[in-house]
Each structure stands twice: as structure tokens, then as C-alpha cells.
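A.B. asks: My structure file entry-v8.cif, mmCIF, C-alpha atoms, is below:
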```
data_work
#
loop_
_atom_site.label_atom_id
_atom_site.label_comp_id
_atom_site.auth_asym_id
_atom_site.auth_seq_id
_atom_site.Cartn_x
_atom_site.Cartn_y
_atom_site.Cartn_z
CA MET A 29 -197.94 70.30 52.80
CA ARG A 30 -200.36 72.13 50.49
CA ILE A 31 -201.42 69.84 47.62
CA LEU A 32 -203.47 70.36 44.45
CA LEU A 33 -205.83 67.48 43.61
CA THR A 34 -207.13 67.43 40.04
CA GLY A 35 -210.22 65.40 39.25
CA ALA A 36 -211.58 66.13 42.72
CA ALA A 37 -215.19 65.43 41.72
CA GLY A 38 -214.43 61.99 40.29
CA SER A 39 -214.76 58.60 41.95
CA ILE A 40 -211.15 58.33 43.12
CA GLY A 41 -210.92 62.04 43.86
CA SER A 42 -213.93 61.78 46.15
CA ARG A 43 -212.26 59.01 48.12
CA LEU A 44 -209.02 60.97 48.38
CA ARG A 45 -210.85 64.02 49.70
CA ARG A 46 -211.97 61.86 52.59
CA LEU A 47 -208.68 60.07 53.25
CA LEU A 48 -205.96 62.68 52.64
CA PRO A 49 -206.83 65.73 54.82
CA PRO A 50 -205.21 64.31 57.96
CA HIS A 51 -201.90 64.43 56.08
CA TYR A 52 -202.22 67.39 53.68
CA GLU A 53 -204.00 70.66 53.03
CA LEU A 54 -205.90 70.07 49.80
CA VAL A 55 -206.75 72.49 47.00
CA LEU A 56 -209.36 70.89 44.74
CA THR A 57 -209.94 71.40 41.05
CA ASP A 58 -212.27 69.97 38.41
CA LEU A 59 -214.67 71.24 35.77
CA GLU A 60 -217.45 71.50 38.36
CA PRO A 61 -217.28 71.40 42.17
CA PRO A 62 -218.05 68.13 43.94
CA ALA A 63 -221.71 67.85 44.89
CA ASP A 64 -220.73 67.38 48.54
CA LEU A 65 -218.14 70.18 48.72
CA ARG A 66 -217.55 71.10 52.35
CA PRO A 67 -217.21 74.68 53.66
CA ASP A 68 -213.64 73.95 54.76
CA GLU A 69 -212.53 72.80 51.28
CA THR A 70 -210.85 75.10 48.74
CA PHE A 71 -212.15 74.54 45.21
CA ILE A 72 -210.92 76.18 42.00
CA ALA A 73 -212.82 75.41 38.79
CA ALA A 74 -210.40 74.70 35.93
CA ASP A 75 -210.40 72.83 32.64
CA LEU A 76 -207.20 70.87 32.04
CA ASP A 77 -207.29 72.19 28.48
CA ASP A 78 -206.97 75.75 29.86
CA ALA A 79 -203.27 76.19 30.59
CA ALA A 80 -203.67 79.54 32.36
CA ALA A 81 -206.41 78.21 34.65
CA ILE A 82 -204.36 75.16 35.62
CA GLU A 83 -201.34 77.34 36.35
CA ARG A 84 -203.46 79.53 38.62
CA ALA A 85 -204.71 76.45 40.46
CA ALA A 86 -201.12 75.24 40.94
CA SER A 87 -199.96 78.51 42.48
CA GLY A 88 -198.63 78.10 46.00
CA VAL A 89 -198.76 74.29 46.22
CA GLU A 90 -195.86 71.96 46.95
CA GLY A 91 -197.26 68.90 45.23
CA ILE A 92 -199.87 67.88 42.68
CA LEU A 93 -201.98 64.74 42.58
CA HIS A 94 -203.05 64.46 38.95
CA PHE A 95 -206.22 62.36 38.93
CA GLY A 96 -208.14 64.53 36.47
CA GLY A 97 -208.88 63.96 32.79
CA GLN A 98 -210.63 61.25 30.79
CA SER A 99 -210.70 58.09 32.93
CA VAL A 100 -211.97 55.50 30.40
CA GLU A 101 -211.79 54.90 26.66
CA ALA A 102 -213.24 57.65 24.47
CA SER A 103 -212.85 59.27 21.06
CA TRP A 104 -209.40 60.50 20.10
CA GLU A 105 -210.60 64.10 20.21
CA THR A 106 -211.72 63.68 23.83
CA VAL A 107 -208.55 61.87 24.91
CA LEU A 108 -206.34 64.35 23.09
CA LYS A 109 -207.87 67.34 24.85
CA ALA A 110 -208.17 65.93 28.35
CA ASN A 111 -205.22 63.54 28.66
CA ILE A 112 -202.61 64.70 26.16
CA ALA A 113 -202.95 68.50 26.12
CA GLY A 114 -204.31 68.50 29.66
CA THR A 115 -201.41 66.50 31.09
CA TYR A 116 -198.90 68.71 29.29
CA ASN A 117 -200.58 71.77 30.76
CA LEU A 118 -200.43 70.18 34.21
CA PHE A 119 -196.70 69.49 34.07
CA GLU A 120 -196.00 72.91 32.59
CA ALA A 121 -197.94 74.52 35.43
CA ALA A 122 -195.92 72.50 37.93
CA ARG A 123 -192.65 73.63 36.33
CA LYS A 124 -193.61 77.28 36.15
CA GLN A 125 -194.94 77.38 39.72
CA GLY A 126 -191.96 75.56 41.26
CA VAL A 127 -193.95 72.52 42.42
CA ARG A 128 -191.70 69.90 44.02
CA ARG A 129 -193.64 66.68 43.39
CA VAL A 130 -196.22 65.35 40.93
CA VAL A 131 -198.04 62.08 41.53
CA PHE A 132 -199.44 60.98 38.18
CA ALA A 133 -202.42 58.63 38.05
CA SER A 134 -201.44 56.28 35.27
CA THR A 135 -203.28 53.04 34.54
CA ASN A 136 -202.88 49.31 34.05
CA HIS A 137 -204.18 49.91 30.52
CA VAL A 138 -200.70 51.16 29.58
CA VAL A 139 -199.76 47.46 29.57
CA GLY A 140 -203.17 45.95 28.85
CA PHE A 141 -202.09 43.68 25.99
CA TYR A 142 -199.75 41.59 28.12
CA PRO A 143 -201.21 38.14 28.75
CA ARG A 144 -202.49 37.38 32.21
CA ALA A 145 -200.13 34.41 32.37
CA GLN A 146 -197.11 36.75 32.27
CA THR A 147 -195.87 38.64 35.32
CA ILE A 148 -194.54 42.08 34.42
CA GLY A 149 -192.75 44.85 36.28
CA PRO A 150 -192.76 48.63 35.76
CA GLN A 151 -190.00 48.35 33.13
CA ALA A 152 -192.31 46.42 30.80
CA LEU A 153 -192.58 47.92 27.32
CA PRO A 154 -195.94 49.70 27.01
CA LEU A 155 -198.57 47.65 25.20
CA PRO A 156 -201.62 49.90 25.59
CA ASP A 157 -205.05 48.46 24.97
CA SER A 158 -206.87 51.71 24.11
CA ARG A 159 -206.48 55.36 23.20
CA TYR A 160 -206.90 55.98 26.92
CA GLY A 161 -203.96 53.67 27.64
CA VAL A 162 -201.87 55.46 25.01
CA SER A 163 -202.58 58.79 26.70
CA LYS A 164 -201.38 57.46 30.05
CA ALA A 165 -198.21 56.07 28.47
CA PHE A 166 -197.68 59.60 27.12
CA GLY A 167 -198.17 60.97 30.63
CA GLU A 168 -195.55 58.60 32.04
CA ALA A 169 -193.07 59.65 29.34
CA LEU A 170 -193.85 63.32 29.90
CA GLY A 171 -193.29 62.84 33.62
CA ALA A 172 -189.85 61.39 32.92
CA LEU A 173 -188.97 64.42 30.79
CA TYR A 174 -189.99 66.86 33.51
CA ALA A 175 -188.21 64.85 36.18
CA TYR A 176 -184.88 64.65 34.38
CA LYS A 177 -184.89 67.96 32.52
CA TYR A 178 -186.72 70.28 34.91
CA GLY A 179 -186.08 68.83 38.36
CA LEU A 180 -189.56 67.69 39.38
CA GLY A 181 -189.99 64.59 41.51
CA VAL A 182 -192.48 62.43 39.57
CA PHE A 183 -194.24 59.31 40.83
CA CYS A 184 -196.41 57.39 38.35
CA ILE A 185 -198.93 54.87 39.68
CA ARG A 186 -200.30 52.35 37.17
CA ILE A 187 -203.61 52.00 38.95
CA GLY A 188 -205.56 48.75 38.81
CA ASN A 189 -209.08 49.13 40.20
CA VAL A 190 -209.78 51.33 43.21
CA SER A 191 -212.84 50.11 45.12
CA GLU A 192 -213.91 48.87 48.51
CA ARG A 193 -213.64 45.24 47.34
CA PRO A 194 -212.85 43.38 44.09
CA LYS A 195 -216.01 42.57 42.14
CA ASP A 196 -214.87 39.88 39.70
CA GLU A 197 -211.97 37.56 38.84
CA ARG A 198 -209.94 40.17 36.94
CA ARG A 199 -210.15 42.58 39.83
CA LEU A 200 -208.84 39.94 42.22
CA ALA A 201 -205.54 40.52 40.41
CA ILE A 202 -205.64 44.32 40.12
CA TRP A 203 -207.62 45.52 43.16
CA LEU A 204 -206.34 48.58 45.03
CA LYS A 205 -207.79 49.33 48.44
CA PRO A 206 -208.30 53.12 48.77
CA GLU A 207 -206.14 53.28 51.89
CA ASP A 208 -203.33 51.56 49.98
CA LEU A 209 -203.59 54.20 47.27
CA VAL A 210 -203.06 56.82 49.98
CA SER A 211 -199.92 54.95 51.09
CA LEU A 212 -198.55 55.10 47.55
CA ILE A 213 -199.43 58.78 47.23
CA ARG A 214 -197.57 59.55 50.44
CA ILE A 215 -194.45 57.84 49.07
CA GLY A 216 -194.73 59.96 45.92
CA LEU A 217 -195.08 63.19 47.86
CA GLU A 218 -192.78 62.59 50.80
CA ARG A 219 -189.98 60.12 50.04
CA GLY A 220 -186.61 61.86 50.00
CA GLY A 221 -184.47 61.79 46.88
CA LEU A 222 -187.26 60.71 44.54
CA ILE A 223 -186.57 61.57 40.91
CA TYR A 224 -188.84 59.42 38.72
CA GLU A 225 -190.58 56.16 39.52
CA VAL A 226 -193.26 53.96 38.01
CA VAL A 227 -195.07 51.50 40.30
CA TYR A 228 -198.28 49.50 40.17
CA GLY A 229 -201.35 50.59 42.07
CA ALA A 230 -202.37 47.26 43.57
CA SER A 231 -202.90 45.86 47.02
CA ASP A 232 -201.42 42.61 48.36
CA ASN A 233 -203.16 40.42 45.78
CA ALA A 234 -202.24 36.75 45.63
CA ARG A 235 -203.37 36.56 41.99
CA SER A 236 -201.52 39.68 40.85
CA TRP A 237 -199.96 39.83 37.39
CA TRP A 238 -197.51 42.53 38.44
CA ASP A 239 -194.10 42.54 40.09
CA ASN A 240 -194.42 45.51 42.44
CA SER A 241 -191.15 44.95 44.27
CA ARG A 242 -189.95 48.46 43.43
CA ALA A 243 -192.88 49.91 45.34
CA ILE A 244 -191.97 47.70 48.30
CA GLU A 245 -188.37 48.93 48.11
CA LEU A 246 -189.70 52.49 48.31
CA GLY A 247 -191.59 51.68 51.51
CA TYR A 248 -195.01 50.49 50.30
CA ARG A 249 -196.75 48.11 52.71
CA PRO A 250 -200.22 47.33 51.32
CA GLU A 251 -202.91 46.28 53.76
CA GLY A 252 -205.61 45.06 51.38
CA LYS A 253 -205.71 41.38 50.39
CA SER A 254 -208.06 40.62 47.52
CA GLU A 255 -208.12 36.91 48.31
CA ALA A 256 -210.34 37.67 51.28
CA TYR A 257 -213.10 38.43 48.74
CA ALA A 258 -212.32 35.60 46.31
CA SER A 259 -215.45 33.51 46.82
CA GLU A 260 -217.88 36.37 46.15
CA ALA A 261 -215.79 37.75 43.26
CA LEU A 262 -215.64 34.36 41.54
CA ALA A 263 -219.38 33.87 42.05
CA ALA A 264 -219.97 37.21 40.36
CA GLN A 265 -217.57 36.25 37.55
CA ALA A 266 -219.65 33.15 36.78
CA LEU A 267 -222.56 35.42 35.84
CA LEU A 268 -220.54 37.50 33.38
CA PRO A 269 -220.21 36.74 29.64
CA SER A 270 -216.97 35.03 28.66
CA GLY A 271 -214.66 35.91 25.77
CA GLU A 272 -211.20 34.71 24.77
CA VAL A 273 -209.69 38.14 24.09
CA SER A 274 -210.95 39.80 27.25
CA GLU A 275 -209.96 36.81 29.40
CA LEU A 276 -206.52 36.30 27.84
CA PHE A 277 -205.11 39.80 28.28
CA GLN A 278 -204.61 41.91 31.38
CA GLY A 279 -206.64 44.82 29.99
CA GLY A 280 -209.79 42.70 29.79
CA PRO A 281 -212.70 44.43 28.03
CA PHE A 282 -210.47 47.33 26.95
CA CYS A 283 -208.60 44.83 24.75
CA LEU A 284 -211.81 43.42 23.29
CA ALA A 285 -213.33 46.77 22.31
CA GLU A 286 -212.76 47.40 18.56
CA PHE A 287 -210.56 44.27 18.33
CA ILE A 288 -210.47 42.85 14.79
CA GLY A 289 -207.80 40.15 15.19
CA PRO A 290 -206.80 37.60 14.29
CA LEU A 291 -206.02 36.66 17.88
CA GLU A 292 -203.28 34.18 16.89
CA ARG A 293 -201.21 37.06 15.51
CA ILE A 294 -200.62 38.62 18.94
CA LYS A 295 -200.73 35.66 21.28
CA ARG A 296 -197.63 35.35 23.48
CA GLU A 297 -196.32 32.28 25.22
#
```
As C-alpha cells, please, write out the structure in this file.

C.D. replies:
Amino acid sequence: MRILLTGAAGSIGSRLRRLLPPHYELVLTDLEPPADLRPDETFIAADLDDAAAIERAASGVEGILHFGGQSVEASWETVLKANIAGTYNLFEAARKQGVRRVVFASTNHVVGFYPRAQTIGPQALPLPDSRYGVSKAFGEALGALYAYKYGLGVFCIRIGNVSERPKDERRLAIWLKPEDLVSLIRIGLERGGLIYEVVYGASDNARSWWDNSRAIELGYRPEGKSEAYASEALAAQALLPSGEVSELFQGGPFCLAEFIGPLERIKRE
């Protein structure tokens, strides 16, 4: 299967370039080529804000892994261009080029203002903690439109934190082992009959705040277990500054940034 990977020069994209080739033929795109681009890799420079360039990159592929765009909080102008207009251009390119599947890299920050004491599933009402989170909620909604109106198979992954190991207490709940991300991507690209799904991008984490049973129903079998790194993650947490807002809500520091309160107004039991 020939697959387009957007955001190929980013942190997650770099991991996927290493882990996915045994399963797929990858076409890479980003603003600039990865520094370690190999001779056997196909790279097409394209700005997500350039609809024609994205459509050219999507030509001849069966699936798209959309990991490009703005990956953290930023100004509205930046988010609007990269994650709102850019995601629209991506789905339009998929529709026009007859792409079968789109795997959309969403984020836990779509639901960042849920308290950590509450377990939520993919049907949870969006409570974004940032302009970035808002843009990913838009992407999920746009994916639903293209799935139901235009026939794409769309798989949205609300990613926690992709890394080799969880680095603090919050990431013990949201850690996603890179190999487990590949497992989710393969479900999104290969599972028969898929129309539109939202799942959480998390490994088998004992402290998870998310009900990921739908992913399990679809065949997900995560290998990573964050609890294996609990002692070192908690030791690292003890060295970090504490704060009620960032420690109460699932979005952590994304909730605290620009927060003016009062906190009592939005506390949930």
C-alpha cells in the first residue's frame, strides 16, 4: 500500500519513517526534507496551506497519515493556517484523488479540560484546552463529514504522548509507545468496513484516564505498559513545579496557559 505521510520531518514522523516501511511504501511531505532523508525515500515538499501542492503529493496514494501541521499551542493565525486551512486542504486532496483511508493525528488536548479523576471515552464532548486543541476537534469533525458524505474511511487518534518512555506522572496516564502507534495506524489503514472512528492513542497504562475499549474492539493490542517506568517518572515529577490547574485537568500545562479562572467555576465532581 502506497501511503502519504505528512509532517515527515517532525518528531513522530521521524519515528514512523523508521517503523512503517516494512508494511507500506511511504511518500513523505513536509515544508523541508528530513535532515536524515535516505536515498530510497520519496520526498515532496509541500505547505499544508497550499492546496494544489498537497493534492499533488496525494496523487497515486491509497492512504494518508496526517501528522503534519502545528503540533503545540500557538497564535490563532498560526493554528488557522496550519491546522484549520491545512487540514481542510488535506481532506479535499484525499477526496479529489480518490484516497481510501485517512488516519488523522488528533490529540488528547481535544478533551484537556476533563478532570483527571474522570474516565472518558471517545464519545466525550470536546473540552479543548487550547487553540491547538480546538483545531484538532475541528479536524475530527471534518473527518466525520468526509467519511459520511464523501466515502473516505477516517480514523482519528487522540494521541497522548509518543516517546520511548513516560517522563513524569501525567505521562504515566497518556504514554504511547511508538510501536503501539504503528498498531493503531495499521487498524486505520487496513481494517475492513471502517467508516469513521475516534480512539485514544495510549498504551496499556494502568493509570489511564481514557476508556479505549473501542480501540480494543477494532483489534488494538498495545504492548507498552507505562507502569514499568513508574518509579523513575514519579521521581522526575517530584522535581517539577506544582500547580492546581495543571494537576487537576487532563491537559496539564495546556490548561494552565492563559488561564484566568476562577477555578471553582469549572471544577467538576

A.B. asks: Mind pulling up the distance from atom CA of A:Phe132 to atom CA of A:Ser231?

C.D. replies: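 Going from atom CA of A:Ser231 over to atom CA of A:Phe132, I get 17.9 Å.
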
A.B. asks: Can you build me a table of stretch 147-236 of chain A residues sitting at most 12 Å from stretch 103-117 of chain A, with the closest atom pair per residue and its distance in Å to one decimal, using all atoms listed in the file, sorted by chain and residue number, as a tab-separated table?

C.D. replies:
```
residue	atom	partner	partner_atom	distance
A:Ser158	CA	A:Trp104	CA	10.0
A:Arg159	CA	A:Trp104	CA	6.7
A:Tyr160	CA	A:Val107	CA	6.4
A:Gly161	CA	A:Val107	CA	9.8
A:Val162	CA	A:Val107	CA	9.3
A:Ser163	CA	A:Asn111	CA	5.8
A:Lys164	CA	A:Asn111	CA	7.3
A:Ala165	CA	A:Ile112	CA	10.0
A:Phe166	CA	A:Ile112	CA	7.2
A:Gly167	CA	A:Thr115	CA	6.4
A:Glu168	CA	A:Thr115	CA	9.9
A:Ala169	CA	A:Tyr116	CA	10.8
A:Leu170	CA	A:Tyr116	CA	7.4
A:Gly171	CA	A:Tyr116	CA	9.2
A:Leu173	CA	A:Tyr116	CA	10.9
A:Tyr174	CA	A:Tyr116	CA	10.0
```

A.B. asks: Each residue of stretch 128-221 of chain A with at least one atom at most 7 Å from stretch 246-267 of chain A should appear once, together with its nearest atom pair and the corresponding distance in Å (one decimal); atoms considered: all atoms listed in the file; ordering: chain, then increasing residue number; output as a tab-separated table.

C.D. replies:
```
residue	atom	partner	partner_atom	distance
A:Arg193	CA	A:Tyr257	CA	7.0
A:Pro194	CA	A:Ala261	CA	6.4
A:Lys195	CA	A:Ala261	CA	5.0
A:Asp196	CA	A:Ala261	CA	4.2
A:Glu197	CA	A:Leu262	CA	5.6
A:Leu200	CA	A:Ser254	CA	5.4
A:Trp203	CA	A:Ser254	CA	6.6
A:Lys205	CA	A:Gly252	CA	5.6
A:Asp208	CA	A:Pro250	CA	5.4
A:Ser211	CA	A:Tyr248	CA	6.7
A:Leu212	CA	A:Tyr248	CA	6.4
```

A.B. asks: Using only C-alpha atoms, which protein or nucleic acid residues come within 8 Å of A:Ala121? Drop anything in the same chain fewer than 3 positions from it, and give the result as an MDAnalysis selection string.

C.D. replies: chainID A and resid 79 82:83 86 117:118 124:125

A.B. asks: Name every residue that the PyMOL selection byres ((chain A and resi 46) around 12) selects in this structure, writing the answer as a count of residues only with chains first and numbers rising.

C.D. replies: 24

A.B. asks: For atom CA of A:Gly279 and atom CA of A:Thr135, determine how far apart the two atoms are, in Å to one decimal place.

C.D. replies: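 About the pair atom CA of A:Gly279 and atom CA of A:Thr135: they are 10.0 Å apart.
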
A.B. asks: Written as a PyMOL selection string, what is the full residue list that the PyMOL selection byres ((chain A and resi 94-96) around 8) yields on the file shown?

C.D. replies: chain A and resi 33-36+38+40-41+58+76+92-93+97-99+118+130-133

A.B. asks: Give as a count of residues only the residues that the PyMOL selection byres ((chain A and resi 129) around 12) matches when applied to the coordinates above.

C.D. replies: 46
